[in-house]
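First up is the structure itself, then whatever we jot down about it.
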Amino acid sequence: MKHFVYISLAAVCFVAAVSCSKQFQSAEPESVSGEEQLVELTASLQPHVRTYLDAEFKTRWNDGDVVAVFDGQKRQFDMTANSGASATFSGRISTEATTVYAVYPFSGAQSEDGGDYVTVNIPAEQIIAEGESTARGALVAVSKVTSLGSGVSFKNVVGLVKVTLGEGIASVKLTGANNEGIAGNVQVNAADGSLVGSPSGSSVVIKPVSGTFAAGDYYIAVAPVTLADGFTLTFHNQYSASAKKVGTNPLAIPQNGGKDLGNVTTGLVFPSGLPCGWNFYAAGYTSASESLDSLKASENGQHWIYDGYLLPTSGINADARLTAVTTKTDTTIMRSFNPSIQFNGMAQNDYWLVTIPVKNFVKDVTRFTIEMGAGGAASGAGIWLLGYSTNGSSWTGFGNYYSITRGEHTVNAHLWTTYSTISASGYTNLRKKYVKKSFEEDTDTEKYSYKKYTFTSPVSIADGTLYLRLRTWYSGNQSDRTKPKNTSWTDLKGFEVSFAEDL
């Protein structure tokens with residue numbers, strides 16, 4: 001870790017004048033219903049302080065910036081002119097006000113608390129626009145104004161943490177080792193910008209508007225604080241995979257100053273192998289008339305095979321595979337597609353096997369989400385358990401399962417079908433009305449046998465394979481049978497695995 005470097009931040013200067021017309025040309029205030037007057041504030045910014053920091057670290061106001069002014073209530077002052085280094089704002093205040101308090105940005109102003117105190121909000125999520133280096137509105141500043149005709153100074157509430165990023169970073173989160181308060185609502189003294197107490201938020205995350213950051217320097221605005229036992233930086237890439245770096249030395253972040261952490265992405269390693277999944281409905285296969293032949297060819301040359309299914313993934317990992325593993329003989333197995341995968345070979349303990357080559361998975365750290373959906377005939381496989389393996393032969397079950405009762409039996413399950421997900425013919429029109437072949441998160445509620453789980457990796461895999469097994473266990477749809485029939489249809493509507501964001 002590099003030595004910390006002080007970033008110089010100067011004060012914002014507001015030069016205020018009052019006016020009596022829409023053009024704000026007079027030094028006399030205009031009374032509005034005998035209670036309010038129009039006021040014009042011209043704000044000039046000294047070097048290194050601005051409403052945002054651009055790539056060249058020049059002073060800039062942003063078009064559309066809005067300032068809050070408290071005169072007993074929160075007033076909005078809108079920008080009427082902007083030259084970059086200075087800007088003009090106008091709004092109304094009470095004619096009886098002798099002291100007012102100004103806050104930038106308007107969204108950060110929460111309340112006037114009496115005396116010289118106001119409550120402001122330091123944003124916990126800071127979105128940085130393309131070509132800029134800090135989030136608009138993140139540099140919270142306050143001012144106590146006792147004379148509208150004289151110059152007044154804004155005091156910066158926050159400090160800055162500078163990070164230099166390489167390519168491919170979608171977010172960076174800063175957290176103190178002791179979860180110190182660095183963001184959220186906090187009371188400040190408007191006369192000098194000093195904090196009264198600490199905000200409750202223990203982390204700040206910066207993100208680009210979309211995609212990933214361009215390589216370069218960026219600034220995280222936080223409450224002035226000393227992170228006595230160090231800090232953690234959590235990174236996400238475009239696939240939501242996360243990686244962390246930990247600093248163990250104290251980090252003191254001064255008000256109106258900052259610290260430079262240097263290039264924090266050097267040597268950063270992300271887990272890989274996800275997302276991958278099988279969702280043919282999303283891929284455009286939407287009816288039973290779609291031929292299985294249309295799925296045989298794929299970019300990586302994989303094909304359907306007779307001893308199960310070997311299918312190309314719809315995610316970024318072209319080497320991930322989905323296979324049906326059953327004890328039923330190949331000659332009696334039947335398959336169809338509508339657009340879920342229908343299979344009549346699933347008896348008790350048969351399973352769908354997902355094979356995913358992965359790298360840099362860390363036990364109890366790397367998090368991933370599994371989404372899956374199933375259907376079936378009333379006598380087909382209806383209860384499923386999810387397990388994992390690193391060798392494809394020794395299996396361990398995941399937790400977070402549910403207890404499901406069928407007839408006289410209560411068993412554990414991660415996924416189960418219900419009476420309304422049957423796919424067999426011969427049922428009443430009312431039942432058939434609820435048959436659903438597709439796999440869609442927005443509409444596949446429990447009625448449609450859709451489940452989503454987030455797991456922390458139970459094993460570490462530096463460079464190997466994660467196997468997932470969705471195993472048939474007990475009974476069919478709302479039935480008390482002790483075993484499913486391998487001559488009855490089951491439907492795998494979808495199975496998707498992705499990294500889980502943990503911001």
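In the structure tokens, the first chain shown is A, the next is B, and so on; residue numbers restart at 1 for each chain, and ligands run from 1 in the order shown.
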* What's the 7 Å shell around A:Leu233, counting only C-alpha atoms, without same-chain residues fewer than 6 positions away, as a PyMOL selection string? -> chain A and resi 172-175+244-246
Output N, CA and C atoms for every residue in the selection just made, as a PDB file, in the first residue's frame.
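Dumped to out-v7.pdb:
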```pdb
ATOM      1  N   VAL A 172     -16.696   0.267  -6.168  1.00  0.00           N
ATOM      2  CA  VAL A 172     -15.720   0.195  -5.085  1.00  0.00           C
ATOM      3  C   VAL A 172     -16.425   0.621  -3.805  1.00  0.00           C
ATOM      4  N   LYS A 173     -16.323  -0.191  -2.775  1.00  0.00           N
ATOM      5  CA  LYS A 173     -16.949   0.125  -1.481  1.00  0.00           C
ATOM      6  C   LYS A 173     -15.868   0.245  -0.420  1.00  0.00           C
ATOM      7  N   LEU A 174     -15.930   1.337   0.358  1.00  0.00           N
ATOM      8  CA  LEU A 174     -15.006   1.568   1.464  1.00  0.00           C
ATOM      9  C   LEU A 174     -15.730   1.333   2.779  1.00  0.00           C
ATOM     10  N   THR A 175     -15.132   0.519   3.649  1.00  0.00           N
ATOM     11  CA  THR A 175     -15.690   0.227   4.973  1.00  0.00           C
ATOM     12  C   THR A 175     -14.564   0.229   5.997  1.00  0.00           C
ATOM     13  N   LYS A 244     -11.590  -8.306  -2.594  1.00  0.00           N
ATOM     14  CA  LYS A 244     -11.360  -7.359  -1.505  1.00  0.00           C
ATOM     15  C   LYS A 244      -9.872  -7.095  -1.315  1.00  0.00           C
ATOM     16  N   LYS A 245      -9.585  -5.889  -0.812  1.00  0.00           N
ATOM     17  CA  LYS A 245      -8.258  -5.553  -0.317  1.00  0.00           C
ATOM     18  C   LYS A 245      -8.422  -4.945   1.075  1.00  0.00           C
ATOM     19  N   VAL A 246      -7.516  -5.280   1.952  1.00  0.00           N
ATOM     20  CA  VAL A 246      -7.602  -4.841   3.343  1.00  0.00           C
ATOM     21  C   VAL A 246      -6.365  -4.041   3.704  1.00  0.00           C
TER      22      VAL A 246
END
```
* To do: From a DSSP calculation on the backbone, collect every residue of stretch 135-376 of chain A in helix (DSSP H, G or I) and output the set as a list of chain:residue names.
  => A:Leu292, A:Asp293, A:Ser294, A:Leu295, A:Asp330, A:Thr331, A:Thr332
* For stretch 70-78 of chain A: contacts at 9 Å, only C-alpha atoms, fewer than 2 positions along chain excluded, given as a PyMOL selection string -> chain A and resi 39-41+64-68+80+88-94+96-103+106+109-112+114+118
* **Option closest in space to A:Asn237, from A:Thr417, A:Asn279, A:Ser210, A:Ser457 [counting only C-alpha atoms]** =>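 Among A:Thr417, A:Asn279, A:Ser210, A:Ser457, it is A:Ser210 that comes nearest to A:Asn237.
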* To do: Mind listing the strand (DSSP E) residues of stretch 51-277 of chain A, per DSSP on the backbone, as a ChimeraX atom specification?
  => /A:66-70,74-82,86-94,100-104,109-114,117-122,125-128,141-145,151-156,159-165,171-176,184-189,195-196,203-208,216-222,225-227,231-236,242-247,251-253,258-263,276-277
Fewer than 3 positions away in the same chain doesn't count, so skip those; otherwise give me all residues within 9 Å of A:Gly216, counting only C-alpha atoms, as a tab-separated table (two decimals) with N, CA and C atoms, in the first residue's frame.
```tsv
chain	number	residue	atom	x	y	z
A	55	ALA	N	-11.63	15.27	-14.65
A	55	ALA	CA	-10.41	14.49	-14.81
A	55	ALA	C	-9.15	15.34	-14.66
A	133	SER	N	-14.66	12.60	-11.77
A	133	SER	CA	-13.91	11.77	-10.83
A	133	SER	C	-14.52	11.70	-9.44
A	163	VAL	N	-8.69	6.95	-5.05
A	163	VAL	CA	-8.30	5.61	-5.48
A	163	VAL	C	-8.00	5.66	-6.98
A	164	THR	N	-6.96	4.99	-7.39
A	164	THR	CA	-6.63	4.84	-8.81
A	164	THR	C	-7.05	3.45	-9.24
A	165	LEU	N	-7.89	3.39	-10.29
A	165	LEU	CA	-8.47	2.12	-10.71
A	165	LEU	C	-7.98	1.71	-12.09
A	166	GLY	N	-7.83	0.40	-12.28
A	166	GLY	CA	-7.58	-0.14	-13.60
A	166	GLY	C	-8.89	-0.40	-14.32
A	167	GLU	N	-8.83	-1.07	-15.46
A	167	GLU	CA	-10.03	-1.35	-16.25
A	167	GLU	C	-10.90	-2.40	-15.59
A	213	PHE	N	-15.88	1.55	-14.68
A	213	PHE	CA	-15.08	2.77	-14.70
A	213	PHE	C	-14.01	2.71	-15.79
A	263	ASN	N	-2.87	3.09	-6.57
A	263	ASN	CA	-3.52	2.14	-7.47
A	263	ASN	C	-3.97	0.92	-6.67
```
Show which residues sit within 10 Å of stretch 380-384 of chain A, as a PDB file with N, CA and C atoms, in the first residue's frame. Count only C-alpha atoms, and ignore same-chain residues fewer than 5 positions away.
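Saved file around04.pdb follows:
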```pdb
ATOM      1  N   PHE A 343     -38.587 -34.495 -19.681  1.00  0.00           N
ATOM      2  CA  PHE A 343     -37.763 -35.696 -19.575  1.00  0.00           C
ATOM      3  C   PHE A 343     -38.562 -36.750 -18.817  1.00  0.00           C
ATOM      4  N   ASN A 344     -38.632 -37.946 -19.345  1.00  0.00           N
ATOM      5  CA  ASN A 344     -39.410 -38.985 -18.654  1.00  0.00           C
ATOM      6  C   ASN A 344     -38.519 -40.040 -18.013  1.00  0.00           C
ATOM      7  N   GLY A 345     -37.281 -39.664 -17.693  1.00  0.00           N
ATOM      8  CA  GLY A 345     -36.359 -40.633 -17.115  1.00  0.00           C
ATOM      9  C   GLY A 345     -36.015 -40.412 -15.662  1.00  0.00           C
ATOM     10  N   MET A 346     -36.716 -39.506 -14.961  1.00  0.00           N
ATOM     11  CA  MET A 346     -36.314 -39.121 -13.613  1.00  0.00           C
ATOM     12  C   MET A 346     -37.035 -39.949 -12.550  1.00  0.00           C
ATOM     13  N   ALA A 347     -36.314 -40.901 -11.949  1.00  0.00           N
ATOM     14  CA  ALA A 347     -36.821 -41.634 -10.791  1.00  0.00           C
ATOM     15  C   ALA A 347     -36.147 -41.081  -9.541  1.00  0.00           C
ATOM     16  N   GLN A 348     -36.487 -41.674  -8.396  1.00  0.00           N
ATOM     17  CA  GLN A 348     -35.886 -41.188  -7.158  1.00  0.00           C
ATOM     18  C   GLN A 348     -34.364 -41.331  -7.212  1.00  0.00           C
ATOM     19  N   ASN A 349     -33.669 -40.249  -6.786  1.00  0.00           N
ATOM     20  CA  ASN A 349     -32.210 -40.138  -6.745  1.00  0.00           C
ATOM     21  C   ASN A 349     -31.562 -39.868  -8.103  1.00  0.00           C
ATOM     22  N   ASP A 350     -32.340 -39.808  -9.193  1.00  0.00           N
ATOM     23  CA  ASP A 350     -31.783 -39.290 -10.438  1.00  0.00           C
ATOM     24  C   ASP A 350     -31.622 -37.771 -10.303  1.00  0.00           C
ATOM     25  N   TYR A 351     -30.843 -37.175 -11.183  1.00  0.00           N
ATOM     26  CA  TYR A 351     -30.566 -35.746 -10.967  1.00  0.00           C
ATOM     27  C   TYR A 351     -30.141 -35.052 -12.261  1.00  0.00           C
ATOM     28  N   TRP A 352     -30.261 -33.725 -12.206  1.00  0.00           N
ATOM     29  CA  TRP A 352     -29.657 -32.846 -13.198  1.00  0.00           C
ATOM     30  C   TRP A 352     -28.291 -32.461 -12.676  1.00  0.00           C
ATOM     31  N   ALA A 374     -39.087 -25.717 -11.995  1.00  0.00           N
ATOM     32  CA  ALA A 374     -39.431 -27.065 -12.466  1.00  0.00           C
ATOM     33  C   ALA A 374     -40.935 -27.220 -12.553  1.00  0.00           C
ATOM     34  N   GLY A 375     -41.351 -28.214 -13.302  1.00  0.00           N
ATOM     35  CA  GLY A 375     -42.755 -28.621 -13.385  1.00  0.00           C
ATOM     36  C   GLY A 375     -42.788 -30.130 -13.523  1.00  0.00           C
ATOM     37  N   TYR A 401     -32.858 -25.122   3.088  1.00  0.00           N
ATOM     38  CA  TYR A 401     -33.952 -25.841   2.459  1.00  0.00           C
ATOM     39  C   TYR A 401     -35.249 -25.650   3.233  1.00  0.00           C
ATOM     40  N   ILE A 404     -41.147 -29.828   3.377  1.00  0.00           N
ATOM     41  CA  ILE A 404     -42.322 -29.989   2.523  1.00  0.00           C
ATOM     42  C   ILE A 404     -43.072 -31.243   2.937  1.00  0.00           C
ATOM     43  N   ARG A 406     -45.886 -34.027   1.958  1.00  0.00           N
ATOM     44  CA  ARG A 406     -46.681 -34.672   0.923  1.00  0.00           C
ATOM     45  C   ARG A 406     -47.317 -35.912   1.550  1.00  0.00           C
ATOM     46  N   VAL A 411     -40.425 -33.938   4.094  1.00  0.00           N
ATOM     47  CA  VAL A 411     -39.038 -34.060   3.636  1.00  0.00           C
ATOM     48  C   VAL A 411     -38.463 -32.672   3.402  1.00  0.00           C
ATOM     49  N   ASN A 412     -37.154 -32.604   3.235  1.00  0.00           N
ATOM     50  CA  ASN A 412     -36.483 -31.346   2.932  1.00  0.00           C
ATOM     51  C   ASN A 412     -36.411 -31.135   1.425  1.00  0.00           C
ATOM     52  N   ALA A 413     -36.486 -29.869   0.999  1.00  0.00           N
ATOM     53  CA  ALA A 413     -36.463 -29.582  -0.438  1.00  0.00           C
ATOM     54  C   ALA A 413     -35.949 -28.174  -0.695  1.00  0.00           C
ATOM     55  N   HIS A 414     -35.236 -27.985  -1.800  1.00  0.00           N
ATOM     56  CA  HIS A 414     -34.868 -26.658  -2.296  1.00  0.00           C
ATOM     57  C   HIS A 414     -35.812 -26.205  -3.397  1.00  0.00           C
ATOM     58  N   LEU A 415     -36.406 -27.147  -4.112  1.00  0.00           N
ATOM     59  CA  LEU A 415     -37.326 -26.836  -5.203  1.00  0.00           C
ATOM     60  C   LEU A 415     -38.402 -27.905  -5.231  1.00  0.00           C
ATOM     61  N   TRP A 416     -39.636 -27.496  -5.420  1.00  0.00           N
ATOM     62  CA  TRP A 416     -40.718 -28.463  -5.500  1.00  0.00           C
ATOM     63  C   TRP A 416     -41.804 -27.966  -6.436  1.00  0.00           C
ATOM     64  N   THR A 417     -42.495 -28.937  -7.021  1.00  0.00           N
ATOM     65  CA  THR A 417     -43.605 -28.609  -7.908  1.00  0.00           C
ATOM     66  C   THR A 417     -44.908 -28.652  -7.122  1.00  0.00           C
ATOM     67  N   THR A 418     -45.896 -27.961  -7.641  1.00  0.00           N
ATOM     68  CA  THR A 418     -47.189 -27.896  -6.978  1.00  0.00           C
ATOM     69  C   THR A 418     -48.282 -28.352  -7.928  1.00  0.00           C
ATOM     70  N   TYR A 419     -49.473 -28.433  -7.407  1.00  0.00           N
ATOM     71  CA  TYR A 419     -50.609 -28.920  -8.184  1.00  0.00           C
ATOM     72  C   TYR A 419     -50.821 -28.105  -9.450  1.00  0.00           C
ATOM     73  N   THR A 421     -48.572 -26.773 -11.361  1.00  0.00           N
ATOM     74  CA  THR A 421     -47.475 -26.806 -12.334  1.00  0.00           C
ATOM     75  C   THR A 421     -47.455 -28.108 -13.115  1.00  0.00           C
ATOM     76  N   ILE A 422     -48.482 -28.897 -13.028  1.00  0.00           N
ATOM     77  CA  ILE A 422     -48.517 -30.166 -13.754  1.00  0.00           C
ATOM     78  C   ILE A 422     -48.450 -29.922 -15.250  1.00  0.00           C
ATOM     79  N   SER A 423     -47.786 -30.837 -15.954  1.00  0.00           N
ATOM     80  CA  SER A 423     -47.645 -30.690 -17.397  1.00  0.00           C
ATOM     81  C   SER A 423     -48.363 -31.789 -18.168  1.00  0.00           C
ATOM     82  N   ALA A 424     -48.877 -32.817 -17.466  1.00  0.00           N
ATOM     83  CA  ALA A 424     -49.531 -33.923 -18.159  1.00  0.00           C
ATOM     84  C   ALA A 424     -50.894 -33.496 -18.688  1.00  0.00           C
ATOM     85  N   SER A 449     -43.369 -22.777  -9.247  1.00  0.00           N
ATOM     86  CA  SER A 449     -42.195 -23.561  -8.857  1.00  0.00           C
ATOM     87  C   SER A 449     -40.893 -22.892  -9.272  1.00  0.00           C
ATOM     88  N   ARG A 469     -25.730 -30.371  -8.134  1.00  0.00           N
ATOM     89  CA  ARG A 469     -26.638 -31.493  -8.404  1.00  0.00           C
ATOM     90  C   ARG A 469     -28.032 -31.170  -7.892  1.00  0.00           C
ATOM     91  N   LEU A 470     -28.999 -31.180  -8.795  1.00  0.00           N
ATOM     92  CA  LEU A 470     -30.404 -31.011  -8.432  1.00  0.00           C
ATOM     93  C   LEU A 470     -31.038 -32.395  -8.500  1.00  0.00           C
ATOM     94  N   ARG A 471     -31.210 -33.023  -7.337  1.00  0.00           N
ATOM     95  CA  ARG A 471     -31.563 -34.436  -7.234  1.00  0.00           C
ATOM     96  C   ARG A 471     -33.042 -34.627  -6.917  1.00  0.00           C
ATOM     97  N   THR A 472     -33.669 -35.560  -7.623  1.00  0.00           N
ATOM     98  CA  THR A 472     -35.060 -35.891  -7.315  1.00  0.00           C
ATOM     99  C   THR A 472     -35.082 -36.690  -6.020  1.00  0.00           C
ATOM    100  N   TRP A 473     -36.097 -36.388  -5.218  1.00  0.00           N
ATOM    101  CA  TRP A 473     -36.082 -37.002  -3.900  1.00  0.00           C
ATOM    102  C   TRP A 473     -37.366 -37.766  -3.594  1.00  0.00           C
ATOM    103  N   TYR A 474     -38.491 -37.114  -3.675  1.00  0.00           N
ATOM    104  CA  TYR A 474     -39.674 -37.793  -3.156  1.00  0.00           C
ATOM    105  C   TYR A 474     -40.924 -37.273  -3.828  1.00  0.00           C
ATOM    106  N   SER A 475     -41.746 -38.203  -4.286  1.00  0.00           N
ATOM    107  CA  SER A 475     -43.121 -37.946  -4.674  1.00  0.00           C
ATOM    108  C   SER A 475     -43.256 -36.987  -5.862  1.00  0.00           C
ATOM    109  N   GLY A 476     -44.521 -36.773  -6.262  1.00  0.00           N
ATOM    110  CA  GLY A 476     -44.841 -35.894  -7.367  1.00  0.00           C
ATOM    111  C   GLY A 476     -45.725 -34.760  -6.902  1.00  0.00           C
ATOM    112  N   ASN A 477     -46.416 -34.150  -7.835  1.00  0.00           N
ATOM    113  CA  ASN A 477     -47.210 -32.970  -7.524  1.00  0.00           C
ATOM    114  C   ASN A 477     -48.363 -33.290  -6.571  1.00  0.00           C
ATOM    115  N   GLN A 478     -48.296 -32.750  -5.376  1.00  0.00           N
ATOM    116  CA  GLN A 478     -49.372 -32.903  -4.394  1.00  0.00           C
ATOM    117  C   GLN A 478     -49.804 -34.358  -4.243  1.00  0.00           C
ATOM    118  N   SER A 479     -48.849 -35.262  -4.248  1.00  0.00           N
ATOM    119  CA  SER A 479     -49.146 -36.682  -4.180  1.00  0.00           C
ATOM    120  C   SER A 479     -48.464 -37.287  -2.971  1.00  0.00           C
ATOM    121  N   ARG A 481     -47.266 -40.399  -3.029  1.00  0.00           N
ATOM    122  CA  ARG A 481     -46.441 -41.513  -3.478  1.00  0.00           C
ATOM    123  C   ARG A 481     -45.056 -41.425  -2.845  1.00  0.00           C
ATOM    124  N   LYS A 483     -42.332 -42.724  -4.239  1.00  0.00           N
ATOM    125  CA  LYS A 483     -41.321 -42.583  -5.276  1.00  0.00           C
ATOM    126  C   LYS A 483     -41.959 -42.034  -6.548  1.00  0.00           C
ATOM    127  N   PRO A 484     -41.257 -41.167  -7.268  1.00  0.00           N
ATOM    128  CA  PRO A 484     -41.770 -40.726  -8.566  1.00  0.00           C
ATOM    129  C   PRO A 484     -41.587 -41.830  -9.600  1.00  0.00           C
ATOM    130  N   LYS A 485     -42.430 -41.834 -10.622  1.00  0.00           N
ATOM    131  CA  LYS A 485     -42.323 -42.809 -11.697  1.00  0.00           C
ATOM    132  C   LYS A 485     -41.388 -42.284 -12.782  1.00  0.00           C
ATOM    133  N   ASN A 486     -40.457 -43.133 -13.199  1.00  0.00           N
ATOM    134  CA  ASN A 486     -39.541 -42.668 -14.237  1.00  0.00           C
ATOM    135  C   ASN A 486     -40.157 -42.744 -15.628  1.00  0.00           C
ATOM    136  N   THR A 487     -41.415 -43.137 -15.684  1.00  0.00           N
ATOM    137  CA  THR A 487     -42.131 -43.081 -16.961  1.00  0.00           C
ATOM    138  C   THR A 487     -42.980 -41.827 -17.072  1.00  0.00           C
ATOM    139  N   SER A 488     -42.969 -40.983 -16.038  1.00  0.00           N
ATOM    140  CA  SER A 488     -43.754 -39.749 -16.039  1.00  0.00           C
ATOM    141  C   SER A 488     -42.855 -38.561 -16.366  1.00  0.00           C
ATOM    142  N   TRP A 489     -43.466 -37.537 -16.949  1.00  0.00           N
ATOM    143  CA  TRP A 489     -42.706 -36.381 -17.383  1.00  0.00           C
ATOM    144  C   TRP A 489     -42.339 -35.470 -16.204  1.00  0.00           C
ATOM    145  N   THR A 490     -41.116 -34.948 -16.278  1.00  0.00           N
ATOM    146  CA  THR A 490     -40.729 -33.823 -15.429  1.00  0.00           C
ATOM    147  C   THR A 490     -40.224 -32.710 -16.349  1.00  0.00           C
ATOM    148  N   ASP A 491     -40.313 -31.476 -15.877  1.00  0.00           N
ATOM    149  CA  ASP A 491     -39.885 -30.310 -16.655  1.00  0.00           C
ATOM    150  C   ASP A 491     -38.830 -29.543 -15.883  1.00  0.00           C
TER     151      ASP A 491
END
```
Pull the closest atom pair for each residue of stretch 143-169 of chain A that gets at most 10 Å from stretch 194-202 of chain A, along with the distance in Å to one decimal, counting only C-alpha atoms, ordering rows by chain and then ascending residue number, as JSON lines.
```
{"residue": "A:Lys155", "atom": "CA", "partner": "A:Ser194", "partner_atom": "CA", "distance": 8.6}
{"residue": "A:Asn156", "atom": "CA", "partner": "A:Ser194", "partner_atom": "CA", "distance": 8.8}
{"residue": "A:Val157", "atom": "CA", "partner": "A:Ser194", "partner_atom": "CA", "distance": 6.7}
{"residue": "A:Val158", "atom": "CA", "partner": "A:Ser194", "partner_atom": "CA", "distance": 9.3}
```
* **Contacts of A:Thr454 at 10 Å (only C-alpha atoms; same-chain gap of 2+ positions) as a ChimeraX atom specification** => /A:367-371,400,452,456-457,497-501
* **Pairwise distance for atom CA of A:Gly464 and atom CA of A:Gly211, rounded to one decimal in Å** =>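 Pair atom CA of A:Gly464 / atom CA of A:Gly211 returns 28.5 Å.
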* Can you list, as a ChimeraX atom specification, every protein, DNA or RNA residue that comes within 12 Å of A:Asp229 when you count only C-alpha atoms, leaving out same-chain residues fewer than 5 positions away? -> /A:175-180,246-252
Restricting the output to C-alpha atoms, write the selected residues as an mmCIF file, in the first residue's frame.
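Writing done, so here's out38.cif:
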```cif
data_model
loop_
_atom_site.group_PDB
_atom_site.id
_atom_site.type_symbol
_atom_site.label_atom_id
_atom_site.label_comp_id
_atom_site.auth_asym_id
_atom_site.auth_seq_id
_atom_site.Cartn_x
_atom_site.Cartn_y
_atom_site.Cartn_z
ATOM 1 C CA THR A 175 -15.690 0.227 4.973
ATOM 2 C CA GLY A 176 -13.792 0.850 8.205
ATOM 3 C CA ALA A 177 -12.476 -2.146 10.116
ATOM 4 C CA ASN A 178 -14.666 -1.168 13.070
ATOM 5 C CA ASN A 179 -17.650 -0.120 10.920
ATOM 6 C CA GLU A 180 -17.040 3.528 11.744
ATOM 7 C CA VAL A 246 -7.602 -4.841 3.343
ATOM 8 C CA GLY A 247 -5.479 -2.061 4.859
ATOM 9 C CA THR A 248 -4.428 -2.651 8.455
ATOM 10 C CA ASN A 249 -2.805 0.708 9.235
ATOM 11 C CA PRO A 250 -4.857 3.604 10.638
ATOM 12 C CA LEU A 251 -6.388 5.877 8.003
ATOM 13 C CA ALA A 252 -7.063 9.466 9.104
#
```
* What is the distance between atom CA of A:Val358 and atom CA of A:Ser240, in Å to one decimal? ->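 Rounded to one decimal, the two atoms are 14.7 Å apart.
When only C-alpha atoms are used to measure the gap to A:Thr234, the shortest distance among A:Trp395, A:Tyr402, A:Trp61, A:Phe270 belongs to A:Phe270.
For the choices A:Asp113, A:Glu125, A:Asp260, A:Glu35, the atom-to-atom distance to A:Val186 is smallest for A:Asp113 when using only C-alpha atoms.
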